[in-house]
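Dropping model-v6.csv in here (CSV, C-alpha atoms):
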```
chain,number,residue,atom,x,y,z
I,17,MET,CA,127.3,48.7,121.9
I,18,ASP,CA,131.1,48.8,121.9
I,19,ILE,CA,132.2,51.0,124.8
I,20,GLY,CA,135.8,51.0,123.5
I,21,THR,CA,134.7,52.4,120.2
I,22,ASP,CA,132.5,55.0,121.9
I,23,ARG,CA,135.5,56.2,123.8
I,24,VAL,CA,137.3,56.8,120.6
I,25,MET,CA,134.3,58.3,118.8
I,26,ASP,CA,133.1,60.7,121.4
I,27,PRO,CA,136.2,63.0,121.5
I,28,MET,CA,136.1,63.2,117.7
I,29,ILE,CA,132.4,64.1,117.7
I,30,ASN,CA,133.1,66.7,120.4
I,31,ASP,CA,136.0,68.1,118.4
I,32,VAL,CA,134.0,68.3,115.2
I,33,ALA,CA,131.0,69.9,117.0
I,34,ARG,CA,133.4,72.5,118.5
I,35,ALA,CA,134.9,73.2,115.1
I,36,MET,CA,131.4,73.8,113.7
I,37,THR,CA,131.0,76.8,115.9
I,38,SER,CA,134.6,78.0,116.0
I,39,ALA,CA,134.5,80.6,113.2
I,40,PRO,CA,135.8,83.9,114.7
I,41,ALA,CA,133.3,86.7,115.1
I,42,ASP,CA,133.5,89.5,112.7
I,43,GLU,CA,136.0,92.1,114.0
I,44,GLY,CA,134.0,94.9,112.6
I,45,LEU,CA,130.9,94.0,114.5
I,46,ALA,CA,131.5,96.5,117.3
I,47,ARG,CA,132.2,99.2,114.8
I,48,ARG,CA,129.2,98.5,112.7
I,49,LEU,CA,127.1,98.3,115.8
I,50,ALA,CA,128.3,101.6,117.1
I,51,ALA,CA,127.5,103.2,113.8
I,52,ARG,CA,124.0,101.7,113.8
I,53,ILE,CA,123.3,102.8,117.4
I,54,ALA,CA,124.5,106.3,116.5
I,55,ALA,CA,122.3,106.4,113.5
I,56,GLU,CA,119.3,105.1,115.4
I,57,ASP,CA,119.8,107.7,118.2
I,58,GLY,CA,120.0,110.4,115.6
I,59,ARG,CA,116.8,109.1,114.0
I,60,ARG,CA,115.1,109.0,117.4
I,61,THR,CA,116.1,112.6,118.1
I,62,TRP,CA,114.7,113.6,114.7
I,63,SER,CA,111.5,111.7,115.2
I,64,ARG,CA,111.1,113.3,118.6
I,65,ALA,CA,111.6,116.7,117.0
I,66,TRP,CA,108.9,115.9,114.5
I,67,LEU,CA,106.6,114.7,117.2
I,68,LEU,CA,107.2,117.9,119.1
I,69,VAL,CA,105.7,120.2,116.4
I,70,PRO,CA,102.2,118.7,116.4
I,71,ALA,CA,102.3,118.3,120.1
I,72,ALA,CA,103.2,122.0,120.6
I,73,THR,CA,100.4,123.0,118.1
I,74,CYS,CA,97.9,121.0,120.1
I,75,VAL,CA,99.0,122.6,123.3
I,76,LEU,CA,98.8,126.0,121.8
I,77,ALA,CA,95.3,125.4,120.4
I,78,LEU,CA,94.1,124.1,123.7
I,79,ALA,CA,95.5,127.1,125.5
I,80,VAL,CA,93.7,129.5,123.1
I,81,PHE,CA,90.5,127.5,123.5
I,82,VAL,CA,90.7,127.6,127.3
I,83,ALA,CA,91.6,131.3,127.3
I,84,ARG,CA,88.6,132.1,125.1
I,85,GLU,CA,86.3,130.1,127.3
I,86,ASN,CA,87.5,131.9,130.4
I,87,ARG,CA,86.7,135.3,128.7
I,88,GLN,CA,83.1,134.4,128.0
I,89,PRO,CA,80.6,135.2,130.8
I,90,ALA,CA,78.6,132.6,132.5
I,91,ARG,CA,75.7,131.5,130.3
I,92,ALA,CA,72.4,133.0,131.1
I,93,PRO,CA,69.3,130.8,130.6
I,94,ILE,CA,68.1,131.1,127.0
I,95,VAL,CA,65.1,133.3,126.8
I,96,GLN,CA,62.3,132.2,124.5
I,97,ALA,CA,59.1,134.0,123.7
I,98,ASN,CA,56.4,132.1,125.3
I,99,PRO,CA,52.8,132.8,124.1
I,100,ASP,CA,51.4,131.6,127.4
I,101,ALA,CA,53.3,134.4,129.1
I,102,VAL,CA,50.7,137.0,128.1
I,103,ARG,CA,48.2,136.3,130.8
I,104,GLY,CA,47.8,139.6,132.5
I,105,PRO,CA,49.2,140.6,135.9
I,106,THR,CA,49.3,137.1,137.4
I,107,ALA,CA,52.1,136.0,135.0
I,108,GLY,CA,54.7,138.3,136.6
I,109,PRO,CA,58.0,136.5,136.1
I,110,GLN,CA,57.2,135.3,132.6
I,111,THR,CA,56.3,138.7,131.4
I,112,ASN,CA,59.5,140.0,132.9
I,113,ALA,CA,61.4,137.5,130.9
I,114,ALA,CA,59.6,138.5,127.7
I,115,SER,CA,60.2,142.2,128.3
I,116,PRO,CA,62.1,144.2,125.6
I,117,PRO,CA,65.4,144.8,127.4
I,118,VAL,CA,66.0,141.1,128.1
I,119,ALA,CA,64.8,140.2,124.7
I,120,SER,CA,67.4,142.5,123.3
I,121,ALA,CA,70.1,140.8,125.4
I,122,ALA,CA,68.9,137.4,124.4
I,123,PRO,CA,71.1,137.0,121.3
I,124,VAL,CA,74.1,137.8,123.4
I,125,THR,CA,73.4,134.8,125.6
I,126,THR,CA,73.5,132.5,122.6
I,127,PRO,CA,76.2,134.0,120.4
I,128,ARG,CA,77.3,130.7,118.9
I,129,THR,CA,74.0,129.6,117.7
I,130,ALA,CA,73.2,133.0,116.4
I,131,ARG,CA,76.5,133.5,114.4
I,132,PRO,CA,78.9,130.6,114.3
I,133,THR,CA,81.4,132.5,112.1
I,134,ALA,CA,81.6,135.5,114.4
I,135,THR,CA,85.2,136.5,115.2
I,136,ALA,CA,86.5,136.6,118.7
I,137,ALA,CA,86.6,140.4,118.6
I,138,THR,CA,83.0,140.8,117.8
I,139,ARG,CA,82.0,138.3,120.4
I,140,SER,CA,84.0,140.1,123.1
I,141,ASP,CA,82.4,143.4,122.0
I,142,ARG,CA,78.9,141.9,122.3
I,143,THR,CA,79.8,140.4,125.7
I,144,ALA,CA,80.9,143.8,126.9
I,145,ALA,CA,77.8,145.4,125.7
I,146,ALA,CA,75.7,142.7,127.4
I,147,ARG,CA,77.5,143.3,130.6
I,148,LEU,CA,76.7,147.0,130.3
I,149,ALA,CA,73.0,146.4,129.4
I,150,ILE,CA,72.1,144.0,132.1
I,151,PRO,CA,72.4,146.3,135.1
I,152,ASN,CA,70.0,148.8,133.5
I,153,LEU,CA,67.1,146.4,133.5
I,154,GLU,CA,64.0,147.6,135.2
I,155,PRO,CA,61.0,145.6,136.0
I,156,PRO,CA,58.5,146.2,133.3
I,157,ALA,CA,55.0,147.4,133.9
I,158,PRO,CA,52.4,144.7,133.9
I,159,ILE,CA,50.5,144.3,130.8
I,160,VAL,CA,46.8,144.7,131.1
I,161,LEU,CA,44.7,143.2,128.4
I,162,GLU,CA,41.2,144.2,127.7
I,163,PRO,CA,38.8,141.2,127.7
I,164,VAL,CA,37.9,140.4,124.1
I,165,ARG,CA,34.3,139.6,123.5
I,166,VAL,CA,33.8,137.0,120.9
I,167,ALA,CA,30.4,136.1,119.4
I,168,ALA,CA,29.3,132.6,119.7
I,169,LEU,CA,30.1,130.7,116.6
I,170,VAL,CA,27.4,128.1,116.9
I,171,VAL,CA,23.7,128.7,117.8
I,172,VAL,CA,22.1,125.6,119.2
I,173,MET,CA,18.6,125.1,117.9
I,174,PRO,CA,16.3,122.9,119.9
I,175,ILE,CA,15.1,119.8,118.0
I,176,GLU,CA,11.6,118.7,118.7
I,177,ILE,CA,11.0,115.0,118.1
I,178,SER,CA,7.4,113.8,117.9
I,179,THR,CA,6.5,110.7,119.7
I,180,ILE,CA,6.5,107.6,117.7
I,181,ALA,CA,3.2,105.7,117.6
I,182,ILE,CA,3.2,102.1,116.6
I,183,ASP,CA,-0.1,100.6,115.6
I,184,ARG,CA,-1.0,97.2,116.9
I,185,ILE,CA,-0.7,94.4,114.4
I,186,GLU,CA,-3.4,91.8,114.4
I,187,ILE,CA,-2.3,88.4,113.2
I,188,PRO,CA,-5.1,86.0,112.3
I,189,PRO,CA,-4.8,82.5,113.7
I,190,MET,CA,-3.3,79.8,111.5
I,191,PRO,CA,-5.9,77.5,109.7
E,28,MET,CA,134.7,96.9,135.7
E,29,THR,CA,131.8,94.4,135.9
E,30,ASP,CA,129.1,93.8,133.4
E,31,ASP,CA,126.6,95.4,135.8
E,32,ASP,CA,128.6,98.5,136.0
E,33,LEU,CA,128.9,98.8,132.3
E,34,VAL,CA,125.1,98.1,131.9
E,35,ALA,CA,124.4,100.9,134.4
E,36,ARG,CA,126.6,103.3,132.4
E,37,ALA,CA,125.1,102.2,129.1
E,38,ARG,CA,121.6,102.9,130.5
E,39,GLU,CA,122.7,106.5,131.1
E,40,GLY,CA,123.5,106.8,127.4
E,41,ASN,CA,127.2,105.9,127.5
E,42,THR,CA,127.6,104.1,124.2
E,43,ALA,CA,131.3,103.4,124.9
E,44,ALA,CA,130.2,101.3,127.9
E,45,PHE,CA,127.9,99.3,125.7
E,46,GLY,CA,130.7,99.0,123.2
E,47,GLU,CA,132.8,97.4,125.9
E,48,LEU,CA,130.0,94.9,126.6
E,49,VAL,CA,129.9,94.1,122.9
E,50,LEU,CA,133.6,93.4,122.8
E,51,ARG,CA,133.3,91.1,125.9
E,52,HIS,CA,130.4,89.0,124.6
E,53,GLN,CA,130.5,89.1,120.8
E,54,ALA,CA,132.3,85.8,120.6
E,55,ALA,CA,129.6,84.0,122.7
E,56,VAL,CA,126.8,85.7,120.9
E,57,TYR,CA,128.3,84.9,117.5
E,58,ARG,CA,128.9,81.3,118.4
E,59,ALA,CA,125.3,80.8,119.6
E,60,ALA,CA,124.0,82.4,116.4
E,61,LEU,CA,126.3,80.2,114.3
E,62,ALA,CA,125.1,77.1,116.2
E,63,ALA,CA,121.5,78.0,115.4
E,64,THR,CA,121.8,79.1,111.8
E,65,GLY,CA,124.9,77.2,110.6
E,66,SER,CA,125.8,80.1,108.3
E,67,THR,CA,128.5,82.7,109.0
E,68,ALA,CA,126.6,85.4,107.1
E,69,ASP,CA,123.4,84.7,109.0
E,70,ALA,CA,125.3,84.5,112.3
E,71,ASP,CA,126.8,88.0,111.6
E,72,ASP,CA,123.4,89.5,111.0
E,73,VAL,CA,121.9,87.7,114.0
E,74,ALA,CA,124.7,88.9,116.3
E,75,GLN,CA,124.3,92.4,115.1
E,76,GLU,CA,120.5,92.4,115.5
E,77,ALA,CA,120.8,90.8,118.9
E,78,PHE,CA,123.1,93.5,120.2
E,79,LEU,CA,121.0,96.2,118.8
E,80,LEU,CA,117.9,94.7,120.4
E,81,ALA,CA,119.7,94.4,123.7
E,82,TYR,CA,120.7,98.0,123.5
E,83,ARG,CA,117.1,99.1,122.9
E,84,ARG,CA,115.8,96.9,125.8
E,85,LEU,CA,118.5,97.7,128.2
E,86,ASN,CA,116.0,99.2,130.6
E,87,THR,CA,114.1,96.0,130.8
E,88,PHE,CA,117.2,94.1,132.1
E,89,ARG,CA,116.4,93.5,135.8
E,90,GLY,CA,119.6,91.7,136.8
E,91,THR,CA,117.9,88.5,138.0
E,92,ALA,CA,120.2,86.6,135.6
E,93,SER,CA,123.7,87.7,134.5
E,94,PHE,CA,123.9,90.1,131.6
E,95,LYS,CA,125.6,87.4,129.5
E,96,THR,CA,122.7,85.0,130.0
E,97,TRP,CA,120.2,87.7,129.2
E,98,LEU,CA,122.0,88.7,126.1
E,99,LEU,CA,122.4,85.1,124.9
E,100,THR,CA,118.7,84.5,125.3
E,101,ILE,CA,118.0,87.4,123.1
E,102,ALA,CA,120.5,86.2,120.6
E,103,TRP,CA,119.1,82.7,120.6
E,104,ASN,CA,115.6,84.0,120.1
E,105,GLN,CA,116.7,86.1,117.1
E,106,ALA,CA,118.6,83.1,115.6
E,107,SER,CA,115.7,80.8,116.1
E,108,ASN,CA,113.3,83.2,114.4
E,109,ARG,CA,115.7,83.5,111.5
E,110,ARG,CA,116.0,79.7,111.3
E,111,ARG,CA,112.2,79.3,111.5
E,112,ALA,CA,111.7,81.8,108.7
E,113,ALA,CA,114.3,80.1,106.5
E,114,THR,CA,112.6,76.7,107.1
E,115,ARG,CA,109.2,78.2,106.3
E,116,TRP,CA,110.6,79.7,103.1
E,117,TRP,CA,112.1,76.4,102.1
E,118,ARG,CA,108.8,74.6,102.8
E,119,ARG,CA,106.9,77.1,100.7
E,120,ILE,CA,109.4,77.0,97.8
E,121,ALA,CA,110.0,73.2,97.8
E,122,GLY,CA,106.7,72.1,99.2
E,123,VAL,CA,108.3,70.0,101.8
E,124,ALA,CA,106.2,68.1,104.3
E,125,ASP,CA,106.4,68.8,108.0
E,126,ALA,CA,108.1,65.5,108.6
E,127,ASP,CA,111.0,66.6,106.5
E,128,ALA,CA,111.3,70.0,108.2
E,129,HIS,CA,114.4,69.1,110.2
E,130,ALA,CA,116.0,67.6,107.0
E,131,VAL,CA,115.5,70.9,105.4
E,132,SER,CA,117.0,72.7,108.4
E,133,ALA,CA,120.0,70.3,108.2
E,134,SER,CA,120.4,71.1,104.5
E,135,CYS,CA,120.6,74.8,105.3
E,136,PHE,CA,123.3,74.0,107.9
E,137,SER,CA,126.6,74.5,106.2
E,138,PRO,CA,129.8,73.7,108.1
E,139,ALA,CA,131.4,76.8,109.6
E,140,ALA,CA,134.9,75.9,108.6
E,141,PRO,CA,135.5,74.2,105.2
E,142,VAL,CA,137.4,70.9,105.1
E,143,THR,CA,140.9,71.5,104.0
E,144,PRO,CA,142.9,69.1,101.8
E,145,GLU,CA,145.2,68.4,104.8
E,146,GLN,CA,142.2,67.3,106.9
E,147,LEU,CA,141.0,65.1,104.0
E,148,ALA,CA,144.4,63.5,103.9
E,149,SER,CA,144.4,62.8,107.6
E,150,GLY,CA,141.1,61.3,108.5
E,151,GLY,CA,139.2,64.1,106.9
E,152,GLN,CA,136.6,61.7,105.5
E,153,LEU,CA,135.7,60.6,109.0
E,154,ARG,CA,135.4,64.2,110.2
E,155,LYS,CA,133.2,65.0,107.2
E,156,ALA,CA,131.0,62.1,108.0
E,157,ILE,CA,130.7,63.3,111.6
E,158,ARG,CA,129.9,66.8,110.4
E,159,GLU,CA,127.1,65.5,108.1
E,160,ALA,CA,125.7,63.3,110.9
E,161,ILE,CA,125.6,66.3,113.3
E,162,ALA,CA,123.9,68.4,110.6
E,163,ALA,CA,121.3,65.7,110.1
E,164,LEU,CA,120.4,65.6,113.8
E,165,PRO,CA,117.0,66.9,114.9
E,166,PRO,CA,117.4,70.6,115.8
E,167,LYS,CA,116.9,70.1,119.5
E,168,LEU,CA,119.7,67.6,119.8
E,169,ARG,CA,122.0,69.4,117.4
E,170,ASP,CA,121.5,72.7,119.2
E,171,ALA,CA,122.3,71.1,122.6
E,172,LEU,CA,125.4,69.3,121.2
E,173,LEU,CA,126.8,72.3,119.4
E,174,LEU,CA,126.3,74.7,122.3
E,175,ALA,CA,127.7,72.3,124.9
E,176,GLN,CA,130.8,71.5,122.9
E,177,SER,CA,131.5,75.1,121.9
E,178,GLY,CA,133.1,75.5,125.4
E,179,GLU,CA,131.6,79.0,125.6
E,180,TYR,CA,128.6,78.3,127.8
E,181,SER,CA,127.7,76.6,131.1
E,182,TYR,CA,124.8,74.2,131.1
E,183,GLY,CA,122.8,76.8,133.0
E,184,GLU,CA,123.3,79.3,130.2
E,185,ILE,CA,122.4,76.7,127.6
E,186,ALA,CA,119.3,75.9,129.6
E,187,ALA,CA,118.3,79.5,129.7
E,188,MET,CA,118.8,79.9,126.0
E,189,LEU,CA,116.9,76.8,125.0
E,190,GLY,CA,114.2,77.2,127.6
E,191,ALA,CA,114.7,73.7,129.1
E,192,PRO,CA,116.1,72.4,132.4
E,193,ALA,CA,119.8,71.7,132.6
E,194,GLY,CA,119.2,68.0,133.1
E,195,THR,CA,117.3,67.9,129.8
E,196,ILE,CA,120.1,69.6,128.0
E,197,LYS,CA,122.6,67.0,129.3
E,198,TRP,CA,120.3,64.2,128.2
E,199,ARG,CA,120.0,65.8,124.7
E,200,VAL,CA,123.8,66.1,124.4
E,201,SER,CA,124.2,62.5,125.3
E,202,GLU,CA,121.4,61.5,122.9
E,203,ALA,CA,123.0,63.5,120.1
E,204,ARG,CA,126.3,61.7,120.6
E,205,ARG,CA,124.5,58.4,120.5
E,206,ALA,CA,122.7,59.3,117.3
E,207,VAL,CA,125.9,60.5,115.6
E,208,ARG,CA,127.6,57.2,116.6
E,209,ALA,CA,124.8,55.2,115.2
E,210,SER,CA,124.9,57.2,112.0
E,211,LEU,CA,128.6,56.6,111.6
E,212,ARG,CA,128.3,52.9,112.2
E,213,MET,CA,125.6,52.8,109.5
E,214,ARG,CA,128.0,54.4,107.1
E,215,GLY,CA,130.6,51.8,107.8
E,216,HIS,CA,132.8,53.7,110.2
E,217,PHE,CA,134.1,51.9,113.4
E,218,GLU,CA,132.7,48.5,112.5
```
Representation of the structure as structure tokens:
Amino acid sequence: MDIGTDRVMDPMINDVARAMTSAPADEGLARRLAARIAAEDGRRTWSRAWLLVPAATCVLALAVFVARENRQPARAPIVQANPDAVRGPTAGPQTNAASPPVASAAPVTTPRTARPTATAATRSDRTAAARLAIPNLEPPAPIVLEPVRVAALVVVMPIEISTIAIDRIEIPPMP
Amino acid sequence: MTDDDLVARAREGNTAAFGELVLRHQAAVYRAALAATGSTADADDVAQEAFLLAYRRLNTFRGTASFKTWLLTIAWNQASNRRRAATRWWRRIAGVADADAHAVSASCFSPAAPVTPEQLASGGQLRKAIREAIAALPPKLRDALLLAQSGEYSYGEIAAMLGAPAGTIKWRVSEARRAVRASLRMRGHFE
């Protein structure tokens, strides 16, 4: 390696390397950049506005839903007609549940399952009616059922079996 | 007004403050982009994209490094991505093997300033040979040499851009010079 030659070559290499990146920057860069930033900010504002519409719709729908839920009364237990409830005076609470006034109020406690397409107005009317009907409930009179006599379906006939007699078998000795 | 003051104002939506930052650093960003891509058209695009990206990410600038270093890192990443995409495109088109990847990259590297007839008359041939030798260097060595010789960046800034320690950058610059000298000797210069 020739150190003297390197001393001559290195400044030339450095000079050429500097020249390779010495092109001046575009003078319009700042202007173009400002225009792009302004356009982007404008676009961002528009996109925010477009996002605002569905967001507001969602909030509105949620508010309506919550308001409607608050207007509905607390759900009463669903009353079902139980055939075992008819057992006479001992089945007190169950017969109460199956009594006519409560049964008439039963559809009110399950309005959605009864009529899913009912409007809010009809629902609120029914709710009001149910509120009025519930205080008038009176304990119903116990149902007394006459015992029903049923004839026996099967008559058991005694079967007599004679004793089985087996005769003795005599086997002659082998010859 | 310092860069940090301008950054604070730009964060508040003051685009004029960001415009001032652009004017201050556009030469450094452009040179870095030119060193990476080797094309003035690509460097313009990269510089613009880098500034735009910096504007969008201004809130992520924490101030641990200087604004210039942060900006240069963004610009270098943008330029590297573009160069990588161009290399991939060339590979796909020409079916070049991986070993020739840096040769393809060098072929994409066009000199920033064209050689004038006056330069040709006064040692222009030697300068042209040096330019070709630099363009043919592996990208890591070429990047370090071009950035170091641009006079625009400190070794610390180059290290941040290239993601290597400053000592490694110095070694790469020295190695790049050695490779260029060897190439010139092989071509018959300085025998």
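Proximity of E:Trp198, E:Tyr82, E:Trp116, E:Phe94 to chain I, computed with only C-alpha atoms, is greatest for E:Tyr82.
If all atoms listed in the file are the atoms counted, then among E:Ala55, E:Leu99, E:Met28, E:Ala92 the closest residue to Ala39 of chain I is E:Ala55.
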Length of the atom CA of Val32 of chain I to atom CA of Gln152 of chain E vector [Å]:
12.0 Å
Segment 42-44 of chain I surroundings by only C-alpha atoms, 10 Å radius, close-in-sequence under 2 positions cut, as a ChimeraX atom specification
/I:39-40,46-50 /E:50,53-54,57,67-68,70-71,74-75
Expected file contents, prior selection, C-alpha atoms, as a PDB file, in the coordinates of the input:
```
ATOM      1  CA  ALA I  39     134.500  80.600 113.200  1.00  0.00           C
ATOM      2  CA  PRO I  40     135.800  83.900 114.700  1.00  0.00           C
ATOM      3  CA  ALA I  46     131.500  96.500 117.300  1.00  0.00           C
ATOM      4  CA  ARG I  47     132.200  99.200 114.800  1.00  0.00           C
ATOM      5  CA  ARG I  48     129.200  98.500 112.700  1.00  0.00           C
ATOM      6  CA  LEU I  49     127.100  98.300 115.800  1.00  0.00           C
ATOM      7  CA  ALA I  50     128.300 101.600 117.100  1.00  0.00           C
TER       8      ALA I  50
ATOM      9  CA  LEU E  50     133.600  93.400 122.800  1.00  0.00           C
ATOM     10  CA  GLN E  53     130.500  89.100 120.800  1.00  0.00           C
ATOM     11  CA  ALA E  54     132.300  85.800 120.600  1.00  0.00           C
ATOM     12  CA  TYR E  57     128.300  84.900 117.500  1.00  0.00           C
ATOM     13  CA  THR E  67     128.500  82.700 109.000  1.00  0.00           C
ATOM     14  CA  ALA E  68     126.600  85.400 107.100  1.00  0.00           C
ATOM     15  CA  ALA E  70     125.300  84.500 112.300  1.00  0.00           C
ATOM     16  CA  ASP E  71     126.800  88.000 111.600  1.00  0.00           C
ATOM     17  CA  ALA E  74     124.700  88.900 116.300  1.00  0.00           C
ATOM     18  CA  GLN E  75     124.300  92.400 115.100  1.00  0.00           C
TER      19      GLN E  75
END
```
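Non-sequential neighbours of Thr87 of chain E (distance at most 12 Å, separation of 5 or more positions within a chain, all atoms listed in the file) are Val34, Ala35, Arg38, Leu80, Ala81, Tyr82, Phe94, Trp97 and Leu98 of chain E.
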Enumerate as an mmCIF file with C-alpha atoms, in the frame of the given file the residues belonging to chain E that approach chain I to within 9 Å, with all atoms listed in the file taken into account.
```cif
data_model
loop_
_atom_site.group_PDB
_atom_site.id
_atom_site.type_symbol
_atom_site.label_atom_id
_atom_site.label_comp_id
_atom_site.auth_asym_id
_atom_site.auth_seq_id
_atom_site.Cartn_x
_atom_site.Cartn_y
_atom_site.Cartn_z
ATOM 1 C CA THR E 42 127.600 104.100 124.200
ATOM 2 C CA ALA E 43 131.300 103.400 124.900
ATOM 3 C CA PHE E 45 127.900 99.300 125.700
ATOM 4 C CA GLY E 46 130.700 99.000 123.200
ATOM 5 C CA GLU E 47 132.800 97.400 125.900
ATOM 6 C CA VAL E 49 129.900 94.100 122.900
ATOM 7 C CA LEU E 50 133.600 93.400 122.800
ATOM 8 C CA GLN E 53 130.500 89.100 120.800
ATOM 9 C CA ALA E 54 132.300 85.800 120.600
ATOM 10 C CA ALA E 55 129.600 84.000 122.700
ATOM 11 C CA VAL E 56 126.800 85.700 120.900
ATOM 12 C CA TYR E 57 128.300 84.900 117.500
ATOM 13 C CA ARG E 58 128.900 81.300 118.400
ATOM 14 C CA ALA E 59 125.300 80.800 119.600
ATOM 15 C CA ALA E 60 124.000 82.400 116.400
ATOM 16 C CA LEU E 61 126.300 80.200 114.300
ATOM 17 C CA ALA E 62 125.100 77.100 116.200
ATOM 18 C CA GLY E 65 124.900 77.200 110.600
ATOM 19 C CA THR E 67 128.500 82.700 109.000
ATOM 20 C CA ALA E 70 125.300 84.500 112.300
ATOM 21 C CA ASP E 71 126.800 88.000 111.600
ATOM 22 C CA ALA E 74 124.700 88.900 116.300
ATOM 23 C CA GLN E 75 124.300 92.400 115.100
ATOM 24 C CA GLU E 76 120.500 92.400 115.500
ATOM 25 C CA PHE E 78 123.100 93.500 120.200
ATOM 26 C CA LEU E 79 121.000 96.200 118.800
ATOM 27 C CA TYR E 82 120.700 98.000 123.500
ATOM 28 C CA SER E 137 126.600 74.500 106.200
ATOM 29 C CA PRO E 138 129.800 73.700 108.100
ATOM 30 C CA ALA E 139 131.400 76.800 109.600
ATOM 31 C CA ALA E 140 134.900 75.900 108.600
ATOM 32 C CA ARG E 154 135.400 64.200 110.200
ATOM 33 C CA LYS E 155 133.200 65.000 107.200
ATOM 34 C CA ILE E 157 130.700 63.300 111.600
ATOM 35 C CA ARG E 158 129.900 66.800 110.400
ATOM 36 C CA ILE E 161 125.600 66.300 113.300
ATOM 37 C CA LEU E 172 125.400 69.300 121.200
ATOM 38 C CA LEU E 173 126.800 72.300 119.400
ATOM 39 C CA LEU E 174 126.300 74.700 122.300
ATOM 40 C CA ALA E 175 127.700 72.300 124.900
ATOM 41 C CA GLN E 176 130.800 71.500 122.900
ATOM 42 C CA SER E 177 131.500 75.100 121.900
ATOM 43 C CA GLY E 178 133.100 75.500 125.400
ATOM 44 C CA ARG E 204 126.300 61.700 120.600
ATOM 45 C CA ARG E 205 124.500 58.400 120.500
ATOM 46 C CA VAL E 207 125.900 60.500 115.600
ATOM 47 C CA ARG E 208 127.600 57.200 116.600
ATOM 48 C CA PHE E 217 134.100 51.900 113.400
ATOM 49 C CA GLU E 218 132.700 48.500 112.500
#
```
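Computed from the coordinates, the atom CA of Gln105 of chain E to atom CA of Ala193 of chain E distance equals 21.4 Å.
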